[in-house]
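Student: The structure follows.
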Amino acid sequence: CWLKRDDLPAPGTHKIRGIGFQLDAAIEAGAPGVVVSSSGNAAVALGYLARERGVPAMVFLSAKTKPLKIAAVAEVSAYPIVSAKPKNLSRFAARYTGFADLRPSRSPLGSTGYRSLASEFVSAPDGPPSEIFIFCNSALTLIGLHEGFESLKGLGKITEIPALHAIQSTADPSFSQALKSPFYCQHEPIAGGLGLQSPANLVAATAAVEQTGGRLWTVQDAEVQAADAQLGRSQVHVALESAAAFAGF
């Protein structure tokens with residue numbers, strides 16, 4: 001079992017790939033600033049990159065976001081606004097300021113930045129793993145990784161794509177139903193919780209799992225907590241979504 005330690009380089013989240021691609025596209029299009037709604041990690045990544053590029057960024061965080069994550073967003077010079085309805089506020093802010101809304105699940109570029117993960121796996125000393133376990137909420141990481149591997153296969157860089165396993169801890173059964181997988185309902189799971197609410201993402205995510213021979217695993221809160229404790233004993237301190245992926249493995 002290998003852990004992809006994207007918590008170690010600044011800003012400490014793999015979402016810098018996805019949000020970074022969207023931010024650069026918005027800057028190129030002439031956006032005067034950007035907004036995003038987030039549960040934490042995308043906000044940290046955006047704040048870090050927007051500060052580097054000198055672009056105004058407004059971040060709307062869920063009221064369920066942990067205080068430490070809110071503090072991390074504030075440290076990277078974003079302007080965190082905590083609300084029970086961060087998605088609605090980000091849309092209003094974009095409408096009235098002219099800022100680009102970078103909500104990844106609503107963007108056609110949402111998965112694009114994650115394609116680079118495939119090259120990173122392929123260029124690893126031992127080559128790509130046979131199976132990869134990915135926590136899914138919007139499933140953009142899963143979709144982008146699959147797109148990246150498909151591209152590398154088309155270029156002859158690899159002959160086989162690793163089995164991509166999706167991990168969820170959610171009250172939304174749509175992904176399980178699409179893959180005909182067992183589903184264990186949790187009304188307010190500690191990891192993720194939104195589920196695949198975008199039909200377009202659901203179709204692409206289902207294809208990524210089915211075409212690579214992976215499957216969907218639904219993990220319970222107790223399993224996530226146990227995995228988080230096990231990682232903590234090894235001094236690996238990550239978001240509960242990452243602990244959920246480990247629990248799925």
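Every chain in the structure tokens takes a letter, A first, then B, and so on in the order presented; its residues are numbered from 1, and the ligands are numbered from 1 following the presented order.
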Could you list, with a cut-off of 8 Å and counting only C-alpha atoms, the residues of region 82-170 of chain A near region 32-44 of chain A, each shown with its nearest atom pair and the distance in Å rounded to one decimal, rows sorted by chain and ascending number, as a tab-separated table?
Tutor:
```
residue	atom	partner	partner_atom	distance
A:Pro86	CA	A:Ser37	CA	5.4
A:Lys87	CA	A:Ser37	CA	5.3
A:Ser90	CA	A:Ser37	CA	5.9
A:Ala93	CA	A:Val35	CA	7.3
A:Ala94	CA	A:Val35	CA	6.5
A:Gly98	CA	A:Pro32	CA	7.0
A:Phe99	CA	A:Gly33	CA	4.6
A:Ala100	CA	A:Val34	CA	4.6
A:Asp101	CA	A:Val35	CA	4.9
A:Leu102	CA	A:Val36	CA	5.2
A:Arg103	CA	A:Val36	CA	5.3
```
Student: The selected residues should be written to file as a PDB file, in the first residue's frame (atoms: N, CA, C and O atoms).
Tutor:
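Contents of result_26.pdb, as written:
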```
ATOM      1  N   PRO A  86     -22.913  28.092   1.328  1.00  0.00           N
ATOM      2  CA  PRO A  86     -21.771  28.662   0.609  1.00  0.00           C
ATOM      3  C   PRO A  86     -21.933  28.659  -0.908  1.00  0.00           C
ATOM      4  O   PRO A  86     -21.459  29.572  -1.584  1.00  0.00           O
ATOM      5  N   LYS A  87     -22.607  27.640  -1.450  1.00  0.00           N
ATOM      6  CA  LYS A  87     -22.776  27.571  -2.911  1.00  0.00           C
ATOM      7  C   LYS A  87     -23.625  28.734  -3.410  1.00  0.00           C
ATOM      8  O   LYS A  87     -23.294  29.373  -4.418  1.00  0.00           O
ATOM      9  N   SER A  90     -21.646  32.021  -3.217  1.00  0.00           N
ATOM     10  CA  SER A  90     -20.592  32.146  -4.238  1.00  0.00           C
ATOM     11  C   SER A  90     -21.193  32.505  -5.590  1.00  0.00           C
ATOM     12  O   SER A  90     -20.617  33.299  -6.340  1.00  0.00           O
ATOM     13  N   ALA A  93     -22.116  36.188  -5.427  1.00  0.00           N
ATOM     14  CA  ALA A  93     -20.907  37.005  -5.464  1.00  0.00           C
ATOM     15  C   ALA A  93     -20.365  37.093  -6.883  1.00  0.00           C
ATOM     16  O   ALA A  93     -19.956  38.172  -7.344  1.00  0.00           O
ATOM     17  N   ALA A  94     -20.336  35.961  -7.583  1.00  0.00           N
ATOM     18  CA  ALA A  94     -19.844  35.963  -8.963  1.00  0.00           C
ATOM     19  C   ALA A  94     -20.729  36.824  -9.854  1.00  0.00           C
ATOM     20  O   ALA A  94     -20.244  37.573 -10.716  1.00  0.00           O
ATOM     21  N   GLY A  98     -18.654  40.102 -11.060  1.00  0.00           N
ATOM     22  CA  GLY A  98     -18.010  39.748 -12.318  1.00  0.00           C
ATOM     23  C   GLY A  98     -16.858  38.788 -12.136  1.00  0.00           C
ATOM     24  O   GLY A  98     -16.177  38.432 -13.098  1.00  0.00           O
ATOM     25  N   PHE A  99     -16.631  38.331 -10.878  1.00  0.00           N
ATOM     26  CA  PHE A  99     -15.583  37.347 -10.616  1.00  0.00           C
ATOM     27  C   PHE A  99     -15.999  35.998 -11.216  1.00  0.00           C
ATOM     28  O   PHE A  99     -17.188  35.678 -11.325  1.00  0.00           O
ATOM     29  N   ALA A 100     -15.017  35.199 -11.585  1.00  0.00           N
ATOM     30  CA  ALA A 100     -15.278  33.857 -12.120  1.00  0.00           C
ATOM     31  C   ALA A 100     -15.552  32.903 -10.970  1.00  0.00           C
ATOM     32  O   ALA A 100     -14.812  32.863  -9.990  1.00  0.00           O
ATOM     33  N   ASP A 101     -16.625  32.122 -11.093  1.00  0.00           N
ATOM     34  CA  ASP A 101     -16.954  31.119 -10.085  1.00  0.00           C
ATOM     35  C   ASP A 101     -16.224  29.822 -10.442  1.00  0.00           C
ATOM     36  O   ASP A 101     -16.483  29.221 -11.484  1.00  0.00           O
ATOM     37  N   LEU A 102     -15.313  29.402  -9.577  1.00  0.00           N
ATOM     38  CA  LEU A 102     -14.496  28.234  -9.869  1.00  0.00           C
ATOM     39  C   LEU A 102     -15.022  26.958  -9.229  1.00  0.00           C
ATOM     40  O   LEU A 102     -14.272  25.997  -9.059  1.00  0.00           O
ATOM     41  N   ARG A 103     -16.312  26.940  -8.852  1.00  0.00           N
ATOM     42  CA  ARG A 103     -16.858  25.720  -8.271  1.00  0.00           C
ATOM     43  C   ARG A 103     -16.571  24.557  -9.219  1.00  0.00           C
ATOM     44  O   ARG A 103     -17.146  24.469 -10.310  1.00  0.00           O
TER      45      ARG A 103
END
```
Student: Neighbours of region 72-75 of chain A within 12 Å (only C-alpha atoms; same-chain residues fewer than 3 positions away dropped), as a VMD selection string?
Tutor: chain A and resid 10 to 13 38 to 51 57 to 61 65 to 69 78 to 82
Student: Generate a file of the selected residues that holds N, CA and C atoms, formatted as an mmCIF file, in the first residue's frame.
Tutor:
```
data_model
loop_
_atom_site.group_PDB
_atom_site.id
_atom_site.type_symbol
_atom_site.label_atom_id
_atom_site.label_comp_id
_atom_site.auth_asym_id
_atom_site.auth_seq_id
_atom_site.Cartn_x
_atom_site.Cartn_y
_atom_site.Cartn_z
ATOM 1 N N ALA A 10 3.447 22.366 -0.149
ATOM 2 C CA ALA A 10 2.471 23.463 -0.033
ATOM 3 C C ALA A 10 1.557 23.438 -1.254
ATOM 4 N N PRO A 11 0.278 23.686 -1.051
ATOM 5 C CA PRO A 11 -0.420 24.055 0.178
ATOM 6 C C PRO A 11 -1.002 22.890 0.963
ATOM 7 N N GLY A 12 -0.566 21.671 0.687
ATOM 8 C CA GLY A 12 -1.012 20.544 1.478
ATOM 9 C C GLY A 12 -2.256 19.840 0.971
ATOM 10 N N THR A 13 -2.576 19.985 -0.307
ATOM 11 C CA THR A 13 -3.756 19.319 -0.869
ATOM 12 C C THR A 13 -3.566 19.064 -2.359
ATOM 13 N N SER A 38 -16.498 25.909 -0.902
ATOM 14 C CA SER A 38 -15.629 24.784 -0.578
ATOM 15 C C SER A 38 -15.875 24.299 0.833
ATOM 16 N N SER A 39 -15.508 23.039 1.076
ATOM 17 C CA SER A 39 -15.523 22.522 2.438
ATOM 18 C C SER A 39 -14.147 22.661 3.081
ATOM 19 N N GLY A 40 -13.174 23.177 2.314
ATOM 20 C CA GLY A 40 -11.865 23.434 2.904
ATOM 21 C C GLY A 40 -10.681 23.322 1.976
ATOM 22 N N ASN A 41 -10.443 22.147 1.395
ATOM 23 C CA ASN A 41 -9.204 21.927 0.659
ATOM 24 C C ASN A 41 -9.084 22.761 -0.611
ATOM 25 N N ALA A 42 -10.162 22.851 -1.386
ATOM 26 C CA ALA A 42 -10.124 23.676 -2.601
ATOM 27 C C ALA A 42 -9.900 25.137 -2.238
ATOM 28 N N ALA A 43 -10.457 25.562 -1.097
ATOM 29 C CA ALA A 43 -10.288 26.943 -0.650
ATOM 30 C C ALA A 43 -8.840 27.236 -0.289
ATOM 31 N N VAL A 44 -8.200 26.299 0.395
ATOM 32 C CA VAL A 44 -6.784 26.471 0.748
ATOM 33 C C VAL A 44 -5.941 26.566 -0.520
ATOM 34 N N ALA A 45 -6.191 25.669 -1.471
ATOM 35 C CA ALA A 45 -5.428 25.671 -2.720
ATOM 36 C C ALA A 45 -5.629 26.972 -3.489
ATOM 37 N N LEU A 46 -6.886 27.423 -3.577
ATOM 38 C CA LEU A 46 -7.164 28.655 -4.303
ATOM 39 C C LEU A 46 -6.513 29.855 -3.624
ATOM 40 N N GLY A 47 -6.638 29.938 -2.305
ATOM 41 C CA GLY A 47 -6.023 31.059 -1.592
ATOM 42 C C GLY A 47 -4.528 31.122 -1.817
ATOM 43 N N TYR A 48 -3.880 29.986 -1.767
ATOM 44 C CA TYR A 48 -2.426 29.900 -1.962
ATOM 45 C C TYR A 48 -2.030 30.370 -3.366
ATOM 46 N N LEU A 49 -2.736 29.861 -4.386
ATOM 47 C CA LEU A 49 -2.386 30.197 -5.765
ATOM 48 C C LEU A 49 -2.782 31.623 -6.124
ATOM 49 N N ALA A 50 -3.944 32.074 -5.636
ATOM 50 C CA ALA A 50 -4.388 33.436 -5.936
ATOM 51 C C ALA A 50 -3.420 34.453 -5.345
ATOM 52 N N ARG A 51 -2.912 34.174 -4.168
ATOM 53 C CA ARG A 51 -1.915 35.067 -3.570
ATOM 54 C C ARG A 51 -0.660 35.102 -4.422
ATOM 55 N N ALA A 57 -9.425 36.826 -4.478
ATOM 56 C CA ALA A 57 -10.172 35.571 -4.364
ATOM 57 C C ALA A 57 -11.094 35.621 -3.158
ATOM 58 N N MET A 58 -12.350 35.312 -3.365
ATOM 59 C CA MET A 58 -13.329 35.216 -2.282
ATOM 60 C C MET A 58 -13.678 33.750 -2.079
ATOM 61 N N VAL A 59 -13.658 33.308 -0.830
ATOM 62 C CA VAL A 59 -13.893 31.907 -0.515
ATOM 63 C C VAL A 59 -15.085 31.783 0.420
ATOM 64 N N PHE A 60 -16.051 30.963 0.040
ATOM 65 C CA PHE A 60 -17.236 30.729 0.860
ATOM 66 C C PHE A 60 -17.167 29.303 1.403
ATOM 67 N N LEU A 61 -17.064 29.199 2.725
ATOM 68 C CA LEU A 61 -16.868 27.908 3.372
ATOM 69 C C LEU A 61 -18.150 27.414 4.024
ATOM 70 N N THR A 65 -17.240 23.280 8.127
ATOM 71 C CA THR A 65 -15.789 23.228 7.977
ATOM 72 C C THR A 65 -15.107 23.347 9.336
ATOM 73 N N LYS A 66 -14.092 22.524 9.546
ATOM 74 C CA LYS A 66 -13.386 22.542 10.824
ATOM 75 C C LYS A 66 -12.681 23.884 11.031
ATOM 76 N N PRO A 67 -12.653 24.388 12.276
ATOM 77 C CA PRO A 67 -11.980 25.662 12.566
ATOM 78 C C PRO A 67 -10.534 25.704 12.092
ATOM 79 N N LEU A 68 -9.822 24.590 12.214
ATOM 80 C CA LEU A 68 -8.423 24.572 11.770
ATOM 81 C C LEU A 68 -8.317 24.789 10.267
ATOM 82 N N LYS A 69 -9.291 24.263 9.520
ATOM 83 C CA LYS A 69 -9.276 24.446 8.067
ATOM 84 C C LYS A 69 -9.606 25.898 7.708
ATOM 85 N N ALA A 78 -6.717 34.317 1.570
ATOM 86 C CA ALA A 78 -8.056 34.324 0.984
ATOM 87 C C ALA A 78 -8.965 35.037 1.981
ATOM 88 N N TYR A 79 -10.202 35.281 1.586
ATOM 89 C CA TYR A 79 -11.143 35.950 2.469
ATOM 90 C C TYR A 79 -12.277 34.976 2.784
ATOM 91 N N PRO A 80 -12.111 34.138 3.822
ATOM 92 C CA PRO A 80 -13.122 33.110 4.087
ATOM 93 C C PRO A 80 -14.406 33.677 4.673
ATOM 94 N N ILE A 81 -15.517 33.313 4.077
ATOM 95 C CA ILE A 81 -16.836 33.689 4.570
ATOM 96 C C ILE A 81 -17.572 32.393 4.880
ATOM 97 N N VAL A 82 -17.877 32.178 6.162
ATOM 98 C CA VAL A 82 -18.496 30.932 6.603
ATOM 99 C C VAL A 82 -20.013 31.077 6.556
#
```
Student: Check region 9-231 of chain A with DSSP on the backbone and list each residue it calls strand (DSSP E), as a short mmCIF file (atom, residue, chain, number, x, y, z; two decimals) with all heavy atoms, in the first residue's frame.
Tutor:
```cif
data_model
loop_
_atom_site.label_atom_id
_atom_site.label_comp_id
_atom_site.auth_asym_id
_atom_site.auth_seq_id
_atom_site.Cartn_x
_atom_site.Cartn_y
_atom_site.Cartn_z
N VAL A 34 -11.77 35.86 -8.57
CA VAL A 34 -12.40 34.54 -8.57
C VAL A 34 -13.11 34.30 -7.24
O VAL A 34 -12.76 34.87 -6.22
CB VAL A 34 -11.37 33.42 -8.81
CG1 VAL A 34 -10.81 33.50 -10.22
CG2 VAL A 34 -10.24 33.49 -7.78
N VAL A 35 -14.12 33.43 -7.28
CA VAL A 35 -14.81 32.99 -6.07
C VAL A 35 -14.90 31.47 -6.12
O VAL A 35 -14.84 30.86 -7.19
CB VAL A 35 -16.22 33.59 -5.94
CG1 VAL A 35 -16.18 35.10 -5.94
CG2 VAL A 35 -17.14 33.07 -7.05
N VAL A 36 -15.05 30.84 -4.94
CA VAL A 36 -15.26 29.41 -4.87
C VAL A 36 -16.01 29.08 -3.59
O VAL A 36 -15.86 29.76 -2.58
CB VAL A 36 -13.92 28.63 -4.93
CG1 VAL A 36 -13.16 28.73 -3.62
CG2 VAL A 36 -14.14 27.17 -5.31
N SER A 37 -16.85 28.07 -3.65
CA SER A 37 -17.45 27.51 -2.44
C SER A 37 -16.74 26.18 -2.17
O SER A 37 -16.42 25.45 -3.10
CB SER A 37 -18.95 27.29 -2.62
OG SER A 37 -19.21 26.47 -3.74
N SER A 38 -16.50 25.91 -0.90
CA SER A 38 -15.63 24.78 -0.58
C SER A 38 -15.87 24.30 0.83
O SER A 38 -16.36 25.04 1.69
CB SER A 38 -14.16 25.23 -0.73
OG SER A 38 -13.26 24.27 -0.21
N ALA A 57 -9.43 36.83 -4.48
CA ALA A 57 -10.17 35.57 -4.36
C ALA A 57 -11.09 35.62 -3.16
O ALA A 57 -10.65 35.95 -2.05
CB ALA A 57 -9.21 34.39 -4.25
N MET A 58 -12.35 35.31 -3.36
CA MET A 58 -13.33 35.22 -2.28
C MET A 58 -13.68 33.75 -2.08
O MET A 58 -13.95 33.04 -3.05
CB MET A 58 -14.59 36.02 -2.62
CG MET A 58 -14.36 37.50 -2.80
SD MET A 58 -15.88 38.34 -3.31
CE MET A 58 -16.90 38.11 -1.85
N VAL A 59 -13.66 33.31 -0.83
CA VAL A 59 -13.89 31.91 -0.51
C VAL A 59 -15.09 31.78 0.42
O VAL A 59 -15.13 32.43 1.47
CB VAL A 59 -12.65 31.28 0.14
CG1 VAL A 59 -12.96 29.88 0.62
CG2 VAL A 59 -11.49 31.26 -0.85
N PHE A 60 -16.05 30.96 0.04
CA PHE A 60 -17.24 30.73 0.86
C PHE A 60 -17.17 29.30 1.40
O PHE A 60 -17.18 28.34 0.64
CB PHE A 60 -18.50 30.94 0.04
CG PHE A 60 -18.65 32.35 -0.44
CD1 PHE A 60 -18.10 32.75 -1.66
CD2 PHE A 60 -19.30 33.30 0.32
CE1 PHE A 60 -18.21 34.06 -2.10
CE2 PHE A 60 -19.42 34.62 -0.11
CZ PHE A 60 -18.87 34.99 -1.32
N LEU A 61 -17.06 29.20 2.72
CA LEU A 61 -16.87 27.91 3.37
C LEU A 61 -18.15 27.41 4.02
O LEU A 61 -18.96 28.20 4.52
CB LEU A 61 -15.78 28.02 4.44
CG LEU A 61 -14.36 28.32 3.93
CD1 LEU A 61 -13.44 28.60 5.10
CD2 LEU A 61 -13.83 27.16 3.11
N SER A 62 -18.29 26.12 4.06
CA SER A 62 -19.42 25.51 4.74
C SER A 62 -19.32 25.74 6.24
O SER A 62 -18.22 25.75 6.81
CB SER A 62 -19.44 24.01 4.46
OG SER A 62 -20.31 23.34 5.34
N TYR A 79 -10.20 35.28 1.59
CA TYR A 79 -11.14 35.95 2.47
C TYR A 79 -12.28 34.98 2.78
O TYR A 79 -13.30 34.95 2.10
CB TYR A 79 -11.68 37.22 1.81
CG TYR A 79 -10.58 38.18 1.42
CD1 TYR A 79 -10.09 38.21 0.12
CD2 TYR A 79 -10.01 39.02 2.37
CE1 TYR A 79 -9.07 39.08 -0.24
CE2 TYR A 79 -8.99 39.89 2.02
CZ TYR A 79 -8.52 39.92 0.73
OH TYR A 79 -7.52 40.77 0.38
N PRO A 80 -12.11 34.14 3.82
CA PRO A 80 -13.12 33.11 4.09
C PRO A 80 -14.41 33.68 4.67
O PRO A 80 -14.38 34.47 5.62
CB PRO A 80 -12.42 32.20 5.10
CG PRO A 80 -11.41 33.07 5.78
CD PRO A 80 -10.96 34.07 4.76
N ILE A 81 -15.52 33.31 4.08
CA ILE A 81 -16.84 33.69 4.57
C ILE A 81 -17.57 32.39 4.88
O ILE A 81 -17.82 31.58 3.99
CB ILE A 81 -17.61 34.51 3.52
CG1 ILE A 81 -16.84 35.79 3.20
CG2 ILE A 81 -19.01 34.83 4.02
CD1 ILE A 81 -17.39 36.54 2.00
N VAL A 82 -17.88 32.18 6.16
CA VAL A 82 -18.50 30.93 6.60
C VAL A 82 -20.01 31.08 6.56
O VAL A 82 -20.56 32.05 7.08
CB VAL A 82 -18.02 30.56 8.02
CG1 VAL A 82 -18.66 29.25 8.47
CG2 VAL A 82 -16.50 30.46 8.06
N SER A 83 -20.68 30.11 5.92
CA SER A 83 -22.11 30.21 5.73
C SER A 83 -22.75 28.83 5.67
O SER A 83 -22.09 27.84 5.32
CB SER A 83 -22.42 30.96 4.42
OG SER A 83 -23.77 30.83 4.06
N ALA A 100 -15.02 35.20 -11.58
CA ALA A 100 -15.28 33.86 -12.12
C ALA A 100 -15.55 32.90 -10.97
O ALA A 100 -14.81 32.86 -9.99
CB ALA A 100 -14.08 33.37 -12.93
N ASP A 101 -16.63 32.12 -11.09
CA ASP A 101 -16.95 31.12 -10.08
C ASP A 101 -16.22 29.82 -10.44
O ASP A 101 -16.48 29.22 -11.48
CB ASP A 101 -18.46 30.88 -10.04
CG ASP A 101 -18.89 30.00 -8.87
OD1 ASP A 101 -18.00 29.39 -8.23
OD2 ASP A 101 -20.10 29.93 -8.60
N GLU A 131 -3.71 -0.96 -8.67
CA GLU A 131 -5.01 -0.47 -8.23
C GLU A 131 -4.84 0.86 -7.50
O GLU A 131 -3.86 1.06 -6.78
CB GLU A 131 -5.69 -1.48 -7.30
CG GLU A 131 -5.94 -2.84 -7.93
CD GLU A 131 -6.56 -3.80 -6.93
OE1 GLU A 131 -5.79 -4.39 -6.16
OE2 GLU A 131 -7.80 -3.93 -6.94
N ILE A 132 -5.79 1.76 -7.67
CA ILE A 132 -5.76 3.07 -7.00
C ILE A 132 -7.11 3.30 -6.34
O ILE A 132 -8.16 3.12 -6.97
CB ILE A 132 -5.45 4.20 -8.01
CG1 ILE A 132 -4.10 3.96 -8.69
CG2 ILE A 132 -5.43 5.55 -7.30
CD1 ILE A 132 -3.77 4.97 -9.78
N PHE A 133 -7.06 3.72 -5.08
CA PHE A 133 -8.28 3.98 -4.30
C PHE A 133 -8.42 5.49 -4.11
O PHE A 133 -7.51 6.14 -3.60
CB PHE A 133 -8.20 3.28 -2.94
CG PHE A 133 -8.31 1.78 -3.04
CD1 PHE A 133 -7.25 1.01 -3.53
CD2 PHE A 133 -9.47 1.12 -2.67
CE1 PHE A 133 -7.34 -0.37 -3.64
CE2 PHE A 133 -9.58 -0.27 -2.78
CZ PHE A 133 -8.50 -1.01 -3.26
N ILE A 134 -9.57 6.03 -4.51
CA ILE A 134 -9.78 7.47 -4.55
C ILE A 134 -11.09 7.82 -3.86
O ILE A 134 -12.14 7.28 -4.21
CB ILE A 134 -9.83 7.99 -6.00
CG1 ILE A 134 -8.61 7.50 -6.79
CG2 ILE A 134 -9.93 9.51 -6.05
CD1 ILE A 134 -8.81 7.56 -8.28
N PHE A 135 -11.03 8.73 -2.89
CA PHE A 135 -12.28 9.20 -2.29
C PHE A 135 -13.03 10.06 -3.30
O PHE A 135 -12.44 10.90 -3.98
CB PHE A 135 -12.00 10.01 -1.02
CG PHE A 135 -13.27 10.45 -0.34
CD1 PHE A 135 -13.95 9.60 0.50
CD2 PHE A 135 -13.80 11.71 -0.58
CE1 PHE A 135 -15.14 9.99 1.11
CE2 PHE A 135 -14.99 12.11 0.02
CZ PHE A 135 -15.66 11.24 0.87
N ALA A 163 -6.70 -0.40 -12.08
CA ALA A 163 -8.09 -0.46 -11.64
C ALA A 163 -8.35 0.73 -10.72
O ALA A 163 -7.62 0.94 -9.74
CB ALA A 163 -8.35 -1.77 -10.91
N LEU A 164 -9.36 1.52 -11.03
CA LEU A 164 -9.68 2.71 -10.25
C LEU A 164 -10.88 2.41 -9.35
O LEU A 164 -11.98 2.13 -9.83
CB LEU A 164 -9.99 3.88 -11.18
CG LEU A 164 -8.86 4.30 -12.14
CD1 LEU A 164 -9.29 5.46 -13.02
CD2 LEU A 164 -7.60 4.65 -11.36
N HIS A 165 -10.63 2.46 -8.04
CA HIS A 165 -11.67 2.18 -7.06
C HIS A 165 -12.17 3.49 -6.46
O HIS A 165 -11.38 4.33 -6.04
CB HIS A 165 -11.12 1.30 -5.93
CG HIS A 165 -10.70 -0.06 -6.38
ND1 HIS A 165 -11.58 -1.12 -6.47
CD2 HIS A 165 -9.49 -0.54 -6.79
CE1 HIS A 165 -10.93 -2.19 -6.89
NE2 HIS A 165 -9.66 -1.87 -7.10
N ALA A 166 -13.47 3.65 -6.44
CA ALA A 166 -14.09 4.85 -5.87
C ALA A 166 -14.53 4.56 -4.44
O ALA A 166 -15.12 3.51 -4.16
CB ALA A 166 -15.29 5.27 -6.71
N ILE A 167 -14.26 5.50 -3.53
CA ILE A 167 -14.64 5.37 -2.13
C ILE A 167 -15.64 6.47 -1.81
O ILE A 167 -15.41 7.64 -2.14
CB ILE A 167 -13.43 5.50 -1.19
CG1 ILE A 167 -12.25 4.66 -1.68
CG2 ILE A 167 -13.82 5.15 0.23
CD1 ILE A 167 -12.53 3.18 -1.77
N GLN A 168 -16.74 6.09 -1.16
CA GLN A 168 -17.72 7.09 -0.72
C GLN A 168 -18.13 6.83 0.72
O GLN A 168 -18.07 5.71 1.22
CB GLN A 168 -18.96 7.06 -1.61
CG GLN A 168 -18.80 7.84 -2.90
CD GLN A 168 -20.14 8.24 -3.49
OE1 GLN A 168 -21.02 7.42 -3.65
NE2 GLN A 168 -20.28 9.50 -3.82
N LEU A 216 -16.89 0.30 -6.50
CA LEU A 216 -17.23 1.33 -5.52
C LEU A 216 -17.30 0.69 -4.14
O LEU A 216 -17.90 -0.36 -3.96
CB LEU A 216 -18.58 1.97 -5.86
CG LEU A 216 -19.15 2.94 -4.83
CD1 LEU A 216 -18.32 4.21 -4.76
CD2 LEU A 216 -20.60 3.28 -5.16
N TRP A 217 -16.67 1.39 -3.16
CA TRP A 217 -16.71 0.94 -1.78
C TRP A 217 -17.33 2.05 -0.93
O TRP A 217 -16.89 3.19 -1.00
CB TRP A 217 -15.30 0.65 -1.26
CG TRP A 217 -14.51 -0.31 -2.09
CD1 TRP A 217 -13.78 -0.01 -3.20
CD2 TRP A 217 -14.39 -1.71 -1.89
NE1 TRP A 217 -13.19 -1.14 -3.72
CE2 TRP A 217 -13.55 -2.21 -2.93
CE3 TRP A 217 -14.91 -2.61 -0.95
CZ2 TRP A 217 -13.22 -3.56 -3.03
CZ3 TRP A 217 -14.56 -3.95 -1.06
CH2 TRP A 217 -13.73 -4.42 -2.09
N THR A 218 -18.34 1.70 -0.16
CA THR A 218 -18.96 2.65 0.76
C THR A 218 -18.46 2.36 2.16
O THR A 218 -18.60 1.23 2.64
CB THR A 218 -20.50 2.55 0.74
OG1 THR A 218 -20.95 2.78 -0.59
CG2 THR A 218 -21.11 3.59 1.66
#
```
Student: For region 221-223 of chain A, please output as a ChimeraX atom specification all residues within 9 Å (counting only C-alpha atoms; exclusion window: fewer than 4 positions along the same chain).
Tutor: /A:169,186,189-191,227-228,243-244,247-248
